[in-house]
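Participant: Sharing a structure below in structure tokens format, with a few things to ask.
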Amino acid sequence: MDRKEITIPFVHKPAAHCETGVASNMLQFYGIPLSEAMVFGLGSGLFFAHLTFIRMHGMAVTSFRPLPGRIFNRATKLLGVKLHRAKFRDPDKAMDTLDALIEQGIPTGMLVGVFYLPYFPQEYRFHFNAHNITCIGRNAEGKYLISDPVSTRIETISREELLKVRYALGTYPPKGRMYWIAQQPEKPGLALLIRKAIHRNCRDMLDIPAPIVGVKGIRFLARRMKKWPKRMGEKKAIANLVQVIRMLEEIGTGGAGFRYMYAAFLQEAATVTGESRLNECSAAMTEAGDMWRHFAVEGARLFKKRAGVPLSFDELSQLLLNIADKEETVFRTLKKIINI
């Protein structure tokens, strides 16, 4: 079946993270020019959880951000933007709906699996099924035009290739999930929205009554990590450390990078709200990001057996406790500043 060429005038900008990158680019298309960092902050995107009851490769999942899609949902809801979401059992219906949307000139976001994306370098492919991309048209050959925030250019993908990644199997299968902006506000008043978003993030990091989330969760992981070698043996302890650091640095759950992004948000927020003390919190959050990066480097030195004397599990545990103290101080200060 011949399909006409479609080019939506969508400005593609690379981003640090797929969900916030798609959100920022999509909002920009509709005349709401927010940076990726601002979208992240409005989505109250900073988080931590050590989920002992969810296993990946037989080990606990450590997450440095809310569930996939939650940042975008929170940010658009706060802004008054109506976001329509859909998923499909029937792959043909999923593709027909996509075709209908782009023919109306509507940029359409999708969740896909990373492993089979044809434009991803082989060394960057892994089984992660919550990657966000935006379809912005079709070329003369019938291939779909894709704005992927991790790419520097517009990519193309065939119908068959797109079906494969939209219906990837494994953990959290995307099941054809897609989303698009259905309605937008006139002019969102950012200053109050920023305060509300910071308040929510303070609550998530400080006040959820569960020992595995927020700053309590960081301390929870620190205490467990200290006991890993005795409880499970050196080999399994190393495997669990690898799992934590992969989720910190590689699997898209945020880690140090999200701390830097939140710091950038706080810097922007200081300008928008006129609250200069947010700049001090921004600097402190950057330090927290540096501490997470240091933890990752030292952990990698331990399991890769690099030259020199690596830190012990006791010392890595102490690094986590220091990070928890730093982040608790930042969020308690933010809570006082916004005073909601």
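Here, A, B, ... name the chains of the structure tokens in the order displayed, residue numbers run from 1 inside each chain, and ligands are numbered from 1 in the same displayed order.
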Residues at most 9 Å from range 56-68 of chain A, counting only C-alpha atoms, excluding those fewer than 2 positions away in the same chain, as a PyMOL selection string?

Facilitator: chain A and resi 19+44-54+70-72+130-131+171+221+239-240+243-244+247-248+252-256+258

Participant: I need the residues from that last selection saved to file as a compact mmCIF listing (two decimals), in the first residue's frame (with C-alpha atoms), if you can.

Facilitator:
# COMPACT_ATOMS: atom_id res chain seq x y z
CA GLU A 19 11.24 11.16 28.31
CA SER A 44 9.03 16.38 40.08
CA GLY A 45 11.43 13.97 38.44
CA LEU A 46 14.02 13.40 41.17
CA PHE A 47 13.50 10.21 43.13
CA PHE A 48 15.14 7.18 44.68
CA ALA A 49 13.86 3.70 45.47
CA HIS A 50 15.57 0.40 46.25
CA LEU A 51 12.86 -2.10 45.32
CA THR A 52 13.71 -5.40 46.95
CA PHE A 53 10.39 -6.91 45.84
CA ILE A 54 11.04 -6.26 42.12
CA ARG A 70 5.22 9.79 35.22
CA ILE A 71 7.46 12.84 34.71
CA PHE A 72 5.71 13.70 31.43
CA ALA A 130 10.59 2.20 28.10
CA HIS A 131 12.47 4.33 25.57
CA THR A 171 10.19 -6.57 31.18
CA LEU A 221 20.52 0.57 50.43
CA ALA A 239 26.95 -8.71 40.96
CA ASN A 240 24.52 -6.67 43.07
CA GLN A 243 23.34 -3.93 39.07
CA VAL A 244 23.10 -0.75 41.16
CA MET A 247 20.92 1.45 36.89
CA LEU A 248 22.69 4.56 38.16
CA GLY A 252 17.95 5.34 31.91
CA THR A 253 16.87 5.61 35.52
CA GLY A 254 18.60 8.93 36.11
CA GLY A 255 21.32 8.69 38.73
CA ALA A 256 23.89 11.46 38.79
CA PHE A 258 19.19 13.53 36.94

Participant: From range 3-102 of chain A, collect each residue whose DSSP state is alpha helix (DSSP H) and return the set as number ranges by chain.

Facilitator: A: 18-29, 36-42, 70-79, 91-102

Participant: Please provide the set of residues having any atom within 7 Å of range 22-26 of chain A, restricted to only C-alpha atoms, with same-chain residues fewer than 5 positions apart removed, written as number ranges by chain.

Facilitator: A: 11-13, 34-36, 39, 72, 132-134, 149

Participant: Next, dump the selected residues to file, keeping only C-alpha atoms, as a CSV table (one decimal), in the first residue's frame.

Facilitator:
chain,number,residue,atom,x,y,z
A,11,VAL,CA,12.2,21.0,15.6
A,12,HIS,CA,14.4,18.1,16.8
A,13,LYS,CA,16.7,18.8,19.7
A,34,LEU,CA,10.4,24.9,28.2
A,35,SER,CA,13.9,23.5,28.6
A,36,GLU,CA,14.4,19.8,29.3
A,39,VAL,CA,10.1,19.9,32.2
A,72,PHE,CA,5.7,13.7,31.4
A,132,ASN,CA,10.6,7.4,24.3
A,133,ILE,CA,10.7,8.6,20.6
A,134,THR,CA,8.5,10.9,18.5
A,149,PRO,CA,16.3,12.6,21.9

Participant: Residues within 12 Å of Glu161 in chain A, please, as a list in words. Count only C-alpha atoms; anything in the same chain fewer than 3 positions from it doesn't count.

Facilitator: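 Contacts, with the query itself left out: Met95, Val112, Gly113, Val114, Phe115, Tyr116, Leu117, Pro118, Tyr119, Lys143, Tyr144, Thr156, Ile157, Ser158, Lys164, Val165, Arg166, Tyr167 and Ala168 of chain A.
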
Participant: Do a neighbour search on range 193-198 of chain A at 10 Å with only C-alpha atoms, toss out local chain neighbours closer than 6 positions, and write the hits as a ChimeraX atom specification.

Facilitator: /A:38,40-46,74-75,78-79,204,265-266,268-270,272-273,331,334-335,337-340

Participant: Using the selection just defined, write its residues with C-alpha atoms as a short mmCIF file (atom, residue, chain, number, x, y, z; two decimals), in the first residue's frame.

Facilitator:
data_model
loop_
_atom_site.label_atom_id
_atom_site.label_comp_id
_atom_site.auth_asym_id
_atom_site.auth_seq_id
_atom_site.Cartn_x
_atom_site.Cartn_y
_atom_site.Cartn_z
CA MET A 38 12.29 22.76 33.39
CA PHE A 40 12.02 17.53 34.50
CA GLY A 41 11.52 19.86 37.47
CA LEU A 42 7.83 20.47 36.76
CA GLY A 43 7.44 16.70 36.59
CA SER A 44 9.03 16.38 40.08
CA GLY A 45 11.43 13.97 38.44
CA LEU A 46 14.02 13.40 41.17
CA ARG A 74 2.97 15.27 36.01
CA ALA A 75 4.48 18.11 33.98
CA LEU A 78 0.56 20.83 36.05
CA LEU A 79 0.77 22.93 32.89
CA ASP A 204 8.57 12.30 47.51
CA PHE A 265 15.96 23.31 36.93
CA LEU A 266 16.54 25.01 40.29
CA GLU A 268 16.06 28.36 36.05
CA ALA A 269 13.47 28.37 38.83
CA ALA A 270 15.47 31.00 40.74
CA VAL A 272 11.51 32.69 37.10
CA THR A 273 10.40 33.00 40.74
CA PHE A 331 15.17 19.06 50.13
CA LEU A 334 13.78 23.70 49.51
CA LYS A 335 10.77 22.90 51.67
CA ILE A 337 12.06 28.21 50.79
CA ILE A 338 8.87 27.43 48.88
CA ASN A 339 6.71 27.48 52.04
CA ILE A 340 3.56 25.88 50.59
#

Participant: Take CA of Thr271 in chain A and CA of Pro33 in chain A and report the distance between them in Å, one decimal.

Facilitator: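 Calculated distance between CA of Thr271 in chain A and CA of Pro33 in chain A is 15.5 Å.
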
Participant: Grab the CA of Gly69 in chain A to CA of Met225 in chain A distance for me, in Å with one decimal place.

Facilitator: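 We find that CA of Gly69 in chain A and CA of Met225 in chain A lie 29.4 Å from each other.
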
Participant: Kindly indicate which residue among A:Pro173, A:Gly257, A:Gly274, A:Gly31 lies nearest to Gly289 in chain A, using only C-alpha atoms for the distances.

Facilitator: A:Gly257

Participant: Enumerate as a PyMOL selection string all residues of range 2-192 of chain A assigned to strand (DSSP E) by DSSP on the backbone, naming them with the chain letters and numbers the document uses.

Facilitator: chain A and resi 6-7+49-56+59-63+82-86+108-112+131-138+144-147+155-157+178-183

Participant: Please, could you write that set of residues out with C-alpha atoms as a compact mmCIF listing (two decimals), in the first residue's frame?

Facilitator:
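In the end it all went to selection_14.txt:
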# COMPACT_ATOMS: atom_id res chain seq x y z
CA ILE A 6 4.45 13.65 5.38
CA THR A 7 6.79 16.12 7.07
CA ALA A 49 13.86 3.70 45.47
CA HIS A 50 15.57 0.40 46.25
CA LEU A 51 12.86 -2.10 45.32
CA THR A 52 13.71 -5.40 46.95
CA PHE A 53 10.39 -6.91 45.84
CA ILE A 54 11.04 -6.26 42.12
CA ARG A 55 13.81 -8.33 40.61
CA MET A 56 15.87 -7.87 37.47
CA MET A 59 18.53 -8.88 41.92
CA ALA A 60 16.67 -5.92 43.43
CA VAL A 61 15.86 -2.97 41.18
CA THR A 62 17.26 0.40 42.19
CA SER A 63 15.50 3.37 40.60
CA LYS A 82 -4.18 17.48 27.96
CA LEU A 83 -2.17 14.41 27.00
CA HIS A 84 -3.92 11.52 25.27
CA ARG A 85 -2.47 8.03 25.76
CA ALA A 86 -3.35 4.74 24.08
CA THR A 108 3.18 11.31 18.21
CA GLY A 109 5.25 9.92 21.06
CA MET A 110 5.78 6.19 21.47
CA LEU A 111 7.32 3.79 23.96
CA VAL A 112 9.66 1.32 22.29
CA HIS A 131 12.47 4.33 25.57
CA ASN A 132 10.59 7.38 24.26
CA ILE A 133 10.65 8.57 20.64
CA THR A 134 8.46 10.88 18.55
CA CYS A 135 7.17 10.13 15.06
CA ILE A 136 7.13 13.33 12.99
CA GLY A 137 6.26 12.09 9.51
CA ARG A 138 7.04 9.68 6.69
CA TYR A 144 8.84 6.86 9.40
CA LEU A 145 10.70 9.98 10.49
CA ILE A 146 11.76 9.69 14.11
CA SER A 147 12.89 12.36 16.56
CA GLU A 155 16.27 9.05 12.09
CA THR A 156 14.23 6.81 9.77
CA ILE A 157 12.69 3.43 10.45
CA MET A 178 1.67 5.96 22.20
CA TYR A 179 0.72 9.46 23.28
CA TRP A 180 0.09 12.92 21.86
CA ILE A 181 -0.95 16.39 22.99
CA ALA A 182 -4.69 16.87 22.53
CA GLN A 183 -5.19 20.26 24.20

Participant: Rounded to one decimal in Å, what is the spacing between CA of Leu101 in chain A and CA of Lys87 in chain A?

Facilitator: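 These two atoms are separated by 14.2 Å.
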
Participant: Between A:Ile323, A:Val330, A:Ala15, A:Ile212, which is the closest to Asp148 in chain A once you count only C-alpha atoms?

Facilitator: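 Closest candidate: A:Ala15.
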
Participant: What are the closest atom pairs, with distances in Å to one decimal, for each residue of range 209-286 of chain A lying within 9 Å of range 299-306 of chain A, using only C-alpha atoms, rows by chain and rising residue number, as JSON lines?

Facilitator:
{"residue": "A:Ile238", "atom": "CA", "partner": "A:Phe303", "partner_atom": "CA", "distance": 6.0}
{"residue": "A:Ala239", "atom": "CA", "partner": "A:Phe303", "partner_atom": "CA", "distance": 8.3}
{"residue": "A:Leu241", "atom": "CA", "partner": "A:Gly299", "partner_atom": "CA", "distance": 7.1}
{"residue": "A:Val242", "atom": "CA", "partner": "A:Phe303", "partner_atom": "CA", "distance": 7.3}
{"residue": "A:Ile245", "atom": "CA", "partner": "A:Gly299", "partner_atom": "CA", "distance": 7.3}

Participant: Could you write out the selected residues, including C-alpha atoms, as a PDB file, in the first residue's frame?

Facilitator:
ATOM      1  CA  ILE A 238      29.840  -7.762  43.293  1.00  0.00           C
ATOM      2  CA  ALA A 239      26.950  -8.714  40.965  1.00  0.00           C
ATOM      3  CA  LEU A 241      26.889  -3.702  43.045  1.00  0.00           C
ATOM      4  CA  VAL A 242      27.142  -3.946  39.253  1.00  0.00           C
ATOM      5  CA  ILE A 245      25.737   1.085  39.135  1.00  0.00           C
TER       6      ILE A 245
END

Participant: Nearest residue to Leu320 in chain A out of A:Lys235, A:Arg3, A:His294, A:Arg246, using only C-alpha atoms?

Facilitator: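 Of A:Lys235, A:Arg3, A:His294, A:Arg246, the one nearest Leu320 in chain A, counting only C-alpha atoms, is A:His294.
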